[in-house]
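Reading through the structure tokens given below for one structure.
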Amino acid sequence: MWWLLRTMYLLHIIGNIFCLFKPKPRNPEANMNVGEMISYWGYVYEEYDVVTEDGYIITVYRIPHGKNESRNLVPKPVVYLHHGWTLSASIWILNPPSGSLGFLLADAGFDVWMGNSRGNTYARKHVYLDPDSREFWAFSYDQQIKYDIPATIDFIINKTGQKHIYYIGYSEGTLLAFGAFATNPQLAQKIKINFALGPAATVKHMSGLLRLIGYVKKTLSKILFGEKDIFSNSDVKYFVQFLCQREIIGRLCNYLLTLISGYNPQNLNESRFDVYAGQAPVGTSVQSMLHYSQAIRTGEFQAYDWGSSSLNMLHYSQPTPPLYEVKKMKVPTAMWSGGRDLLADPTDVKKLEANISNLIYHKKIADYSHLDFVIGLNAPDEVFNEIVTFITEDQSG
């Protein structure tokens, strides 16, 4: 009798363990590249290489029209989307078409372009530098502001023949826009409206796991990470995909994400975790991480600190890194920020808001975390459709 009870108990335990590892259906696009993902959903795409002034070669993707629309010669409003830190153009198409901003904009009748930042999977080429050299990785968001954003926007304008385009940034994509449009007035004149999702400039009040970056200084980072790339795609993603696509463990993955981006787990589609894990992170430079470490400690939106007055004088002709003055940016700007966003903290966003000279709209979504702006289940209603309305009304006006 006791043997039977023990056996039944053991079977119960084993059954629970197997339930933990019961797989969810796998999404076909989990490990596709951007072009493959666009094609999978039935959209036409084009792929181009943009060469920056300092020689980096960046791949950009274009969805020229909607899924059920044939190509025509009538010019469409051009929209450029730029991703966040350690992400790529794929962030705009991670959900099915009705829940992805890239697809939604194309179906709304716009010419959609999605860029990449140097150092990620789609931007690891250079005219003459070896991508495995330290020289290749000697960049932070200063160079993205100075070279990547202008080169990409100018390429799009030349290719489409449009004089003005719309810019949509997410997370670091907003920081790059604020820096580029504030320091490059000629570039700023080419932007009709700057849309900022999860906006960031200063990050002094960043919290969650990524706050730990603030404690990493150059000596420690060299020991831990070397002097080249960090957060590059690796086999770790397959392990994460395996765990997060289990019935019960997948829920834990959702809650773990809240430690990074903020608490709003009910707004994420757990059945898409294999896609999310397959597309992020995709790499950046160690120097970029150090730049954010500096920003967390100082609370300033400024250029990279080279570590001494003499080195800063060499790079900037002044002993301290120059500030990016957001007030100098005159582009009409619309923002969406989250009350539970750990990375674009409401305190930092409030400081940013006060410095935007031409703020035309700011929607504060109380329960939004950082990820909600791009992959949240209700993002189409809360954010995406409003962007479409802004552009449509601007075109008709």
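Ligands are numbered from 1 in the order shown, residues from 1 within each chain, and chains are lettered A, B, ... in the order they appear in the structure tokens.
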
Taking the backbone alone, and naming residues the way the document does, which bits of range 43-177 of chain A are strand (DSSP E) by DSSP, as a PyMOL selection string? chain A and resi 46-51+56-63+78-82+111-114+125-126+165-170

So that I have them on file, write out the residues from the current selection with N, CA, C and O atoms, as a short mmCIF file (atom, residue, chain, number, x, y, z; two decimals), in the first residue's frame.
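Okay, selection_26.cif is ready:
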```cif
data_model
loop_
_atom_site.label_atom_id
_atom_site.label_comp_id
_atom_site.auth_asym_id
_atom_site.auth_seq_id
_atom_site.Cartn_x
_atom_site.Cartn_y
_atom_site.Cartn_z
N GLU A 46 12.54 46.22 -49.54
CA GLU A 46 13.78 46.55 -50.22
C GLU A 46 14.86 46.71 -49.16
O GLU A 46 14.58 47.10 -48.03
N GLU A 47 16.08 46.40 -49.53
CA GLU A 47 17.20 46.44 -48.59
C GLU A 47 18.33 47.28 -49.20
O GLU A 47 18.69 47.08 -50.36
N TYR A 48 18.86 48.20 -48.42
CA TYR A 48 19.92 49.09 -48.92
C TYR A 48 21.05 49.19 -47.90
O TYR A 48 20.84 49.01 -46.70
N ASP A 49 22.23 49.49 -48.40
CA ASP A 49 23.37 49.78 -47.53
C ASP A 49 23.64 51.28 -47.55
O ASP A 49 23.80 51.88 -48.61
N VAL A 50 23.68 51.87 -46.36
CA VAL A 50 24.02 53.28 -46.19
C VAL A 50 25.45 53.37 -45.68
O VAL A 50 25.81 52.69 -44.72
N VAL A 51 26.26 54.19 -46.31
CA VAL A 51 27.65 54.37 -45.88
C VAL A 51 27.77 55.72 -45.17
O VAL A 51 27.45 56.76 -45.74
N TYR A 56 31.21 53.53 -41.83
CA TYR A 56 30.40 52.40 -41.38
C TYR A 56 29.30 52.11 -42.42
O TYR A 56 28.73 53.03 -43.01
N ILE A 57 29.03 50.84 -42.62
CA ILE A 57 28.04 50.42 -43.61
C ILE A 57 26.83 49.86 -42.87
O ILE A 57 26.93 48.87 -42.14
N ILE A 58 25.70 50.53 -43.03
CA ILE A 58 24.49 50.23 -42.26
C ILE A 58 23.38 49.78 -43.19
O ILE A 58 23.06 50.45 -44.17
N THR A 59 22.77 48.66 -42.87
CA THR A 59 21.66 48.16 -43.66
C THR A 59 20.35 48.79 -43.21
O THR A 59 20.06 48.82 -42.01
N VAL A 60 19.59 49.30 -44.16
CA VAL A 60 18.26 49.82 -43.86
C VAL A 60 17.23 49.04 -44.68
O VAL A 60 17.54 48.54 -45.76
N TYR A 61 16.04 48.93 -44.13
CA TYR A 61 14.96 48.18 -44.78
C TYR A 61 13.81 49.11 -45.11
O TYR A 61 13.49 50.03 -44.35
N ARG A 62 13.18 48.81 -46.22
CA ARG A 62 12.05 49.63 -46.69
C ARG A 62 10.86 48.74 -46.98
O ARG A 62 10.98 47.71 -47.65
N ILE A 63 9.69 49.11 -46.46
CA ILE A 63 8.42 48.50 -46.87
C ILE A 63 7.70 49.58 -47.65
O ILE A 63 7.09 50.48 -47.07
N VAL A 78 6.77 59.66 -46.25
CA VAL A 78 7.89 58.80 -45.87
C VAL A 78 8.07 58.84 -44.35
O VAL A 78 8.15 59.91 -43.75
N VAL A 79 8.16 57.65 -43.76
CA VAL A 79 8.32 57.54 -42.31
C VAL A 79 9.58 56.72 -42.02
O VAL A 79 9.76 55.62 -42.55
N TYR A 80 10.45 57.28 -41.19
CA TYR A 80 11.67 56.57 -40.80
C TYR A 80 11.59 56.18 -39.33
O TYR A 80 11.31 57.01 -38.47
N LEU A 81 11.87 54.90 -39.03
CA LEU A 81 11.80 54.38 -37.67
C LEU A 81 13.19 53.96 -37.20
O LEU A 81 13.91 53.25 -37.92
N HIS A 82 13.55 54.39 -35.97
CA HIS A 82 14.85 54.00 -35.42
C HIS A 82 14.68 53.37 -34.04
O HIS A 82 14.01 53.91 -33.17
N ASP A 111 5.25 55.16 -46.84
CA ASP A 111 6.49 54.55 -47.30
C ASP A 111 7.38 54.39 -46.07
O ASP A 111 7.89 55.38 -45.53
N VAL A 112 7.57 53.15 -45.62
CA VAL A 112 8.18 52.88 -44.32
C VAL A 112 9.64 52.45 -44.46
O VAL A 112 9.96 51.52 -45.20
N TRP A 113 10.50 53.14 -43.72
CA TRP A 113 11.92 52.81 -43.68
C TRP A 113 12.32 52.50 -42.24
O TRP A 113 11.91 53.19 -41.31
N MET A 114 13.13 51.46 -42.07
CA MET A 114 13.56 51.05 -40.73
C MET A 114 15.08 50.93 -40.72
O MET A 114 15.67 50.19 -41.50
N LYS A 125 29.76 46.21 -40.77
CA LYS A 125 30.67 46.30 -41.91
C LYS A 125 31.25 47.72 -41.96
O LYS A 125 30.64 48.66 -41.46
N HIS A 126 32.41 47.82 -42.57
CA HIS A 126 33.08 49.10 -42.67
C HIS A 126 33.87 49.15 -43.96
O HIS A 126 34.29 48.11 -44.49
N ILE A 165 10.58 64.23 -44.20
CA ILE A 165 10.08 62.93 -43.77
C ILE A 165 9.64 63.00 -42.31
O ILE A 165 9.91 63.98 -41.61
N TYR A 166 8.99 61.94 -41.85
CA TYR A 166 8.59 61.81 -40.46
C TYR A 166 9.57 60.86 -39.76
O TYR A 166 9.98 59.84 -40.33
N TYR A 167 9.92 61.21 -38.54
CA TYR A 167 10.86 60.39 -37.76
C TYR A 167 10.14 59.78 -36.56
O TYR A 167 9.44 60.49 -35.82
N ILE A 168 10.32 58.48 -36.37
CA ILE A 168 9.78 57.80 -35.19
C ILE A 168 10.94 57.11 -34.49
O ILE A 168 11.61 56.25 -35.06
N GLY A 169 11.18 57.48 -33.24
CA GLY A 169 12.24 56.85 -32.47
C GLY A 169 11.68 56.15 -31.24
O GLY A 169 10.65 56.56 -30.69
N TYR A 170 12.36 55.11 -30.84
CA TYR A 170 12.01 54.39 -29.62
C TYR A 170 13.25 54.32 -28.72
O TYR A 170 14.33 53.95 -29.17
#
```

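Contact shell of Gly119 in chain A at 7 Å (only C-alpha atoms; same-chain neighbours under 5 positions omitted): A:Arg124, A:Gly283, A:Thr284, A:Ser285.
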
Closest of A:Ala151, A:Ala334, A:Ala138, A:Ala188 to Lys228 in chain A, counting only C-alpha atoms, is A:Ala138

Extract the full set of helix (DSSP H, G or I) residues from range 145-323 of chain A according to DSSP on the backbone, and format it as a ChimeraX atom specification. /A:145-160,172-183,185-188,209-215,218-225,236-244,249-261,265-267,270-279,286-298,309-316

Contacts of range 139-146 of chain A at 8 Å (only C-alpha atoms; same-chain gap of 6+ positions) as a PyMOL selection string: chain A and resi 117-118+176-177+179-180+285+287-289+291+303-304

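Using only C-alpha atoms, the nearest neighbour of Ile387 in chain A within the list A:Thr258, A:Asn95, A:Gln186, A:Asn194 is A:Asn194.
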
Could you make a table, as JSON lines, of the residues of range 147-203 of chain A that have an atom within 12 Å of an atom of range 348-369 of chain A, each with its nearest atom pair and distance in Å to one decimal, counting only C-alpha atoms, in chain and number order?
```
{"residue": "A:Ser171", "atom": "CA", "partner": "A:Val349", "partner_atom": "CA", "distance": 11.4}
{"residue": "A:Thr174", "atom": "CA", "partner": "A:Leu352", "partner_atom": "CA", "distance": 11.2}
{"residue": "A:Leu175", "atom": "CA", "partner": "A:Leu352", "partner_atom": "CA", "distance": 10.3}
{"residue": "A:Phe178", "atom": "CA", "partner": "A:Ile356", "partner_atom": "CA", "distance": 9.0}
{"residue": "A:Gly179", "atom": "CA", "partner": "A:Ile356", "partner_atom": "CA", "distance": 11.8}
{"residue": "A:Phe181", "atom": "CA", "partner": "A:Ile356", "partner_atom": "CA", "distance": 11.4}
{"residue": "A:Ala182", "atom": "CA", "partner": "A:Ile356", "partner_atom": "CA", "distance": 10.1}
{"residue": "A:Lys192", "atom": "CA", "partner": "A:Asn358", "partner_atom": "CA", "distance": 11.8}
{"residue": "A:Ile193", "atom": "CA", "partner": "A:Ile360", "partner_atom": "CA", "distance": 9.3}
{"residue": "A:Asn194", "atom": "CA", "partner": "A:Leu359", "partner_atom": "CA", "distance": 9.5}
{"residue": "A:Phe195", "atom": "CA", "partner": "A:Tyr361", "partner_atom": "CA", "distance": 9.4}
{"residue": "A:Ala196", "atom": "CA", "partner": "A:His362", "partner_atom": "CA", "distance": 9.3}
{"residue": "A:Leu197", "atom": "CA", "partner": "A:Lys363", "partner_atom": "CA", "distance": 9.9}
{"residue": "A:Gly198", "atom": "CA", "partner": "A:Ser369", "partner_atom": "CA", "distance": 8.5}
{"residue": "A:Pro199", "atom": "CA", "partner": "A:Val349", "partner_atom": "CA", "distance": 6.8}
{"residue": "A:Ala200", "atom": "CA", "partner": "A:Val349", "partner_atom": "CA", "distance": 6.8}
{"residue": "A:Ala201", "atom": "CA", "partner": "A:Leu352", "partner_atom": "CA", "distance": 6.7}
{"residue": "A:Thr202", "atom": "CA", "partner": "A:Asp348", "partner_atom": "CA", "distance": 6.0}
{"residue": "A:Val203", "atom": "CA", "partner": "A:Asp348", "partner_atom": "CA", "distance": 6.2}
```

Give one line per residue of range 79-171 of chain A that approaches range 374-378 of chain A to at most 8 Å, naming the two atoms of the closest pair and their distance in Å to one decimal, counting only C-alpha atoms; sort by chain then ascending residue number and deliver it as CSV.
```
residue,atom,partner,partner_atom,distance
A:Ile91,CA,A:Val374,CA,6.9
A:Trp92,CA,A:Val374,CA,6.6
A:Leu94,CA,A:Ile375,CA,7.1
A:Asn95,CA,A:Ile375,CA,6.7
A:Gly99,CA,A:Leu377,CA,7.0
A:Ser100,CA,A:Ile375,CA,7.1
A:Leu101,CA,A:Val374,CA,7.3
A:Tyr170,CA,A:Val374,CA,7.8
```

For Pro346 in chain A, which of A:Trp41, A:Glu386, A:Tyr292, A:Gly262 is the closest residue, counting only C-alpha atoms? A:Gly262

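For the residues A:Tyr316, A:Ala30, A:Tyr45, A:Ser232, ranking by smallest atom-to-atom distance to Val275 in chain A using only C-alpha atoms places A:Ala30 first.
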
A:Gln395, A:Leu87, A:Leu343, A:Gln294 ranked by distance to Pro321 in chain A, top pick (using only C-alpha atoms):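 Of all the options, A:Gln294 lies closest to Pro321 in chain A.
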
7 Å contact set for Glu172 in chain A, only C-alpha atoms, chain neighbours under 5 positions out, as a ChimeraX atom specification: /A:83-85,200

Go ahead and dump the residues you just picked, all heavy atoms, as a compact mmCIF listing (two decimals), in the first residue's frame.
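To be explicit, this is the file written out as again.txt:
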```txt
# COMPACT_ATOMS: atom_id res chain seq x y z
N HIS A 83 15.34 52.25 -33.86
CA HIS A 83 15.19 51.37 -32.69
C HIS A 83 15.94 51.87 -31.45
O HIS A 83 16.60 52.90 -31.46
CB HIS A 83 15.70 49.98 -33.06
CG HIS A 83 17.15 49.99 -33.47
ND1 HIS A 83 18.18 50.02 -32.57
CD2 HIS A 83 17.74 49.98 -34.71
CE1 HIS A 83 19.34 50.02 -33.20
NE2 HIS A 83 19.10 50.00 -34.51
N GLY A 84 15.86 51.06 -30.40
CA GLY A 84 16.53 51.37 -29.15
C GLY A 84 17.88 50.68 -29.00
O GLY A 84 18.36 49.99 -29.91
N TRP A 85 18.48 50.85 -27.84
CA TRP A 85 19.83 50.35 -27.55
C TRP A 85 19.88 48.83 -27.60
O TRP A 85 19.02 48.16 -27.04
CB TRP A 85 20.25 50.85 -26.16
CG TRP A 85 21.69 50.64 -25.83
CD1 TRP A 85 22.76 51.06 -26.56
CD2 TRP A 85 22.22 50.00 -24.66
NE1 TRP A 85 23.93 50.71 -25.92
CE2 TRP A 85 23.63 50.06 -24.75
CE3 TRP A 85 21.64 49.38 -23.55
CZ2 TRP A 85 24.48 49.52 -23.77
CZ3 TRP A 85 22.47 48.85 -22.58
CH2 TRP A 85 23.87 48.92 -22.69
N ALA A 200 13.99 59.35 -24.21
CA ALA A 200 15.13 59.41 -23.30
C ALA A 200 16.12 60.47 -23.77
O ALA A 200 16.36 60.63 -24.96
CB ALA A 200 15.84 58.05 -23.23
```

Mind giving me the straight-line distance from CA of Pro281 in chain A to CA of Ser88 in chain A in Å, one decimal? 8.3 Å
